[in-house]
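Student: First, the structure itself, so that you have it in front of you.
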Amino acid sequence: MYQENEHAYSETSENEQRQWLILAQLPRFSVAKLATILRKSAIQIADLFDADSKQLTAYGFSDAQIQQLQHPDERQLDKSLQWSEQTSSSLLNITSKHYPKVLLQTARPPILLYCFGNKDLLNTHQIAIVGSRNPSIAGKQNAQYFAQGLSQCGWTVTSGLALGIDGLAHDAVLKVKGSTVAVLGTGLNNIYPKRHVKMADCILEQGGTLVSEFVPDMPAKPENFPRRNRIISGMSLGTLIIEAAIKSGSLITARYALEQNRDVFAVPGNINNVLSKGCHYLIKQGAKLVECVSDINDEYQHLALNFLNIQQNELQKSARQSLASDKLLDSVDFETTPLDIVVERCGMPVAEVMSQLLEYELRGLVAAVPGGYLKLGEK
């Protein structure tokens with residue numbers, strides 16, 4: 001792990017930025033190895049670029065690394081430097097004061113981050129929210145509930161801009177004018193998925209941040225998304241999983257979080273829902289089962305966040321929802337319930353049931369789905 005006190009924070013010149021960009025190009029080269037070389041050899045970064053092959057070998061560089069160090073991709077270096085000259089764009093190396101400090105404490109932090117937007121967010125208290133790309137109605141509701149609730153508590157919500165839970169979490173935060181960070185598995189000039197280009201623009205317009213360790217024009221490659229996931233968990237104090245199959249990218253993020261000694265939270269679900277299997281597995285492995293925002297906040301009472309307000313809001317919301325007809329709501333299950341079953345259970349006229357269910361839909365208590373209605377719970 002790189003020790004941040006090995007270098008004082010300072011403004012980075014273009015030549016120094018170029019050196020960091022070259023180091024980021026080296027194959028199988030980590031922050032830990034860089035720190036070891038600098039410490040053992042008692043040298044500075046600039047000394048590496050004055051050394052010959054023999055000296056670099058003595059420092060511990062491989063032949064492939066030496067080749068790349070001495071003959072970097074100049075075209076890519078120029079493109080990255082040009083990108084960094086745009087308004088609101090930043091190249092953050094590990095010595096930058098804006099480089100996320102909690103990420104620096106992990107085993108494999110990127111040598112360099114490309115950042116677009118409000119880089120001050122990178123050192124705020126972050127909580128990651130990730131999950132299925134094809135969530136259920138309940139999963140969508142949970143994503144909105146937790147993202148907005150945590151945001152209103154003062155958390156910066158971090159996710160991967162992916163379809164499904166990730167995008168829903170970002171969108172929910174934007175609706176309450178909160179803070180959100182999107183970590184991409186592509187370059188920042190190549191927003192992926194394309195349908196989230198507008199969302200990325202909204203994140204920037206509302207003072208959020210886009211982050212990537214990949215060069216600006218990097219296209220979508222499957223092997224890059226697990227690397228993206230370690231940054232999501234590494235920048236966050238905890239990771240919340242909302243619906244995930246056993247074999248999913250969300251569980252990769254959870255594994256990284258555990259390896260990084262971070263908290264993992266999971267929302268339980270129906271035992272017959274394949275999207276609940278991953279969350280239930282994590283809970284069995286020691287993840288904290290969460291049903292409300294306070295379940296997460298309880299783990300961070302030492303932080304100066306706005307926990308009291310959300311607790312009061314939850315009490316007020318619960319009080320409002322308690323005005324609903326228990327008899328009718330009790331007739332709707334958390335699984336799809338046909339209308340005729342609802343009518344039979346509550347004993348009310350069909351017209352009255354449909355009218356009341358419409359009101360409950362508008363209040364977010366139930367959802368109309370193919371085959372009937374689904375109770376959404378008291379969020």
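Going by the structure tokens order, chains are called A, B, ..., each with residues numbered from 1, while ligands are numbered from 1 in the order shown.
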Residues at most 10 Å from Thr36 (chain A), counting only C-alpha atoms, excluding those fewer than 3 positions away in the same chain, as a list in words?

Tutor: Met1, Tyr2, Ser30, Val31, Ala32, Lys33, Arg39, Lys40, Ser41, Ala42, Tyr59 and Gly60 of chain A

Student: Write out the residues from the selection above, keeping C-alpha atoms, as a PDB file, in the first residue's frame.

Tutor:
ATOM      1  CA  MET A   1       0.000   0.000   0.000  1.00  0.00           C
ATOM      2  CA  TYR A   2       1.264   3.456  -0.905  1.00  0.00           C
ATOM      3  CA  SER A  30       1.301  -1.293  -9.115  1.00  0.00           C
ATOM      4  CA  VAL A  31       1.387   1.547  -6.624  1.00  0.00           C
ATOM      5  CA  ALA A  32       2.882  -0.843  -4.096  1.00  0.00           C
ATOM      6  CA  LYS A  33       5.773  -1.701  -6.417  1.00  0.00           C
ATOM      7  CA  ARG A  39      11.816   3.693  -0.787  1.00  0.00           C
ATOM      8  CA  LYS A  40      14.519   1.069  -1.289  1.00  0.00           C
ATOM      9  CA  SER A  41      16.441   3.045  -3.884  1.00  0.00           C
ATOM     10  CA  ALA A  42      15.963   6.413  -2.162  1.00  0.00           C
ATOM     11  CA  TYR A  59      15.475  -1.093  -9.336  1.00  0.00           C
ATOM     12  CA  GLY A  60      13.234  -4.094 -10.028  1.00  0.00           C
TER      13      GLY A  60
END

Student: I need the residues of region 119-267 of chain A that end up classed as strand (DSSP E or B) by DSSP on the backbone, written out as a PyMOL selection string.

Tutor: chain A and resi 126-131+156-159+179-183+209-212+238-242+263-266

Student: From a DSSP pass on the backbone, collect the residues of region 132-236 of chain A flagged as helix (DSSP H, G or I) and hand them back as an MDAnalysis selection string.

Tutor: chainID A and resid 137:152 165:175 194:205 224:234

Student: Using only C-alpha atoms, find each residue in region 147-195 of chain A having at least one atom no more than 9 Å away from region 235-255 of chain A; report its shortest atom-to-atom pair and that distance in Å (one decimal), rows by chain then rising number, as CSV.

Tutor:
residue,atom,partner,partner_atom,distance
A:Thr156,CA,A:Ser236,CA,8.9
A:Val157,CA,A:Ser236,CA,8.7
A:Thr158,CA,A:Ser236,CA,7.3
A:Ile165,CA,A:Ile242,CA,7.2

Student: By how many Å are CA of Val215 (chain A) and CA of Ser88 (chain A) apart?

Tutor: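 So the answer is 16.2 Å.
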
Student: Do a neighbour search on region 43-58 of chain A at 10 Å with only C-alpha atoms, toss out local chain neighbours closer than 5 positions, and write the hits as a list in words.

Tutor: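 Listed by chain and then number, they are His7, Asn15, Glu16, Gln19, Trp20, Ile22, Leu23, Leu34, Ala35, Ile37, Leu38, Asp63, Gln65, Ile66, Gln67, Leu69 and Gln70 of chain A.
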
Student: Considering only C-alpha atoms, return as a count of residues only whatever protein or nucleic-acid residues lie within 6 Å of Ala182 (chain A), sequence-local ones (same chain, fewer than 2 positions apart) excluded.

Tutor: 5

Student: For Ala143 (chain A), which of A:Pro226, A:Gln126, A:Val173, A:Val332 is the closest residue, counting only C-alpha atoms?

Tutor: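 Checking each of A:Pro226, A:Gln126, A:Val173, A:Val332 against Ala143 (chain A), counting only C-alpha atoms, the winner is A:Val173.
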
Student: Which residue is closest to Phe225 (chain A)? Choose from A:Tyr192, A:Trp155, A:Lys101, A:Asp298 and count only C-alpha atoms.

Tutor: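 Checking each of A:Tyr192, A:Trp155, A:Lys101, A:Asp298 against Phe225 (chain A), counting only C-alpha atoms, the winner is A:Tyr192.
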
Student: Write out as CSV the residues of region 74-150 of chain A that have any atom within 10 Å of an atom of region 281-293 of chain A, one row each with the nearest atom pair and its distance in Å to one decimal, counting only C-alpha atoms, sorted by chain and then rising number.

Tutor:
residue,atom,partner,partner_atom,distance
A:Asn142,CA,A:Cys292,CA,9.2
A:Tyr145,CA,A:Val293,CA,8.3
A:Phe146,CA,A:Val293,CA,6.0
A:Ala147,CA,A:Val293,CA,9.0
A:Gln148,CA,A:Val293,CA,9.4
A:Gly149,CA,A:Val293,CA,6.3
A:Leu150,CA,A:Val293,CA,6.4

Student: For the residues selected in the previous step, produce a file with C-alpha atoms as a tab-separated table (two decimals), in the first residue's frame.

Tutor:
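Final output, selection_7.tsv:
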chain	number	residue	atom	x	y	z
A	142	ASN	CA	-35.41	-0.29	-2.83
A	145	TYR	CA	-35.48	4.42	-1.24
A	146	PHE	CA	-31.93	3.69	-0.09
A	147	ALA	CA	-30.22	6.05	-2.55
A	148	GLN	CA	-32.43	9.00	-1.65
A	149	GLY	CA	-32.44	8.25	2.06
A	150	LEU	CA	-28.66	7.88	2.28
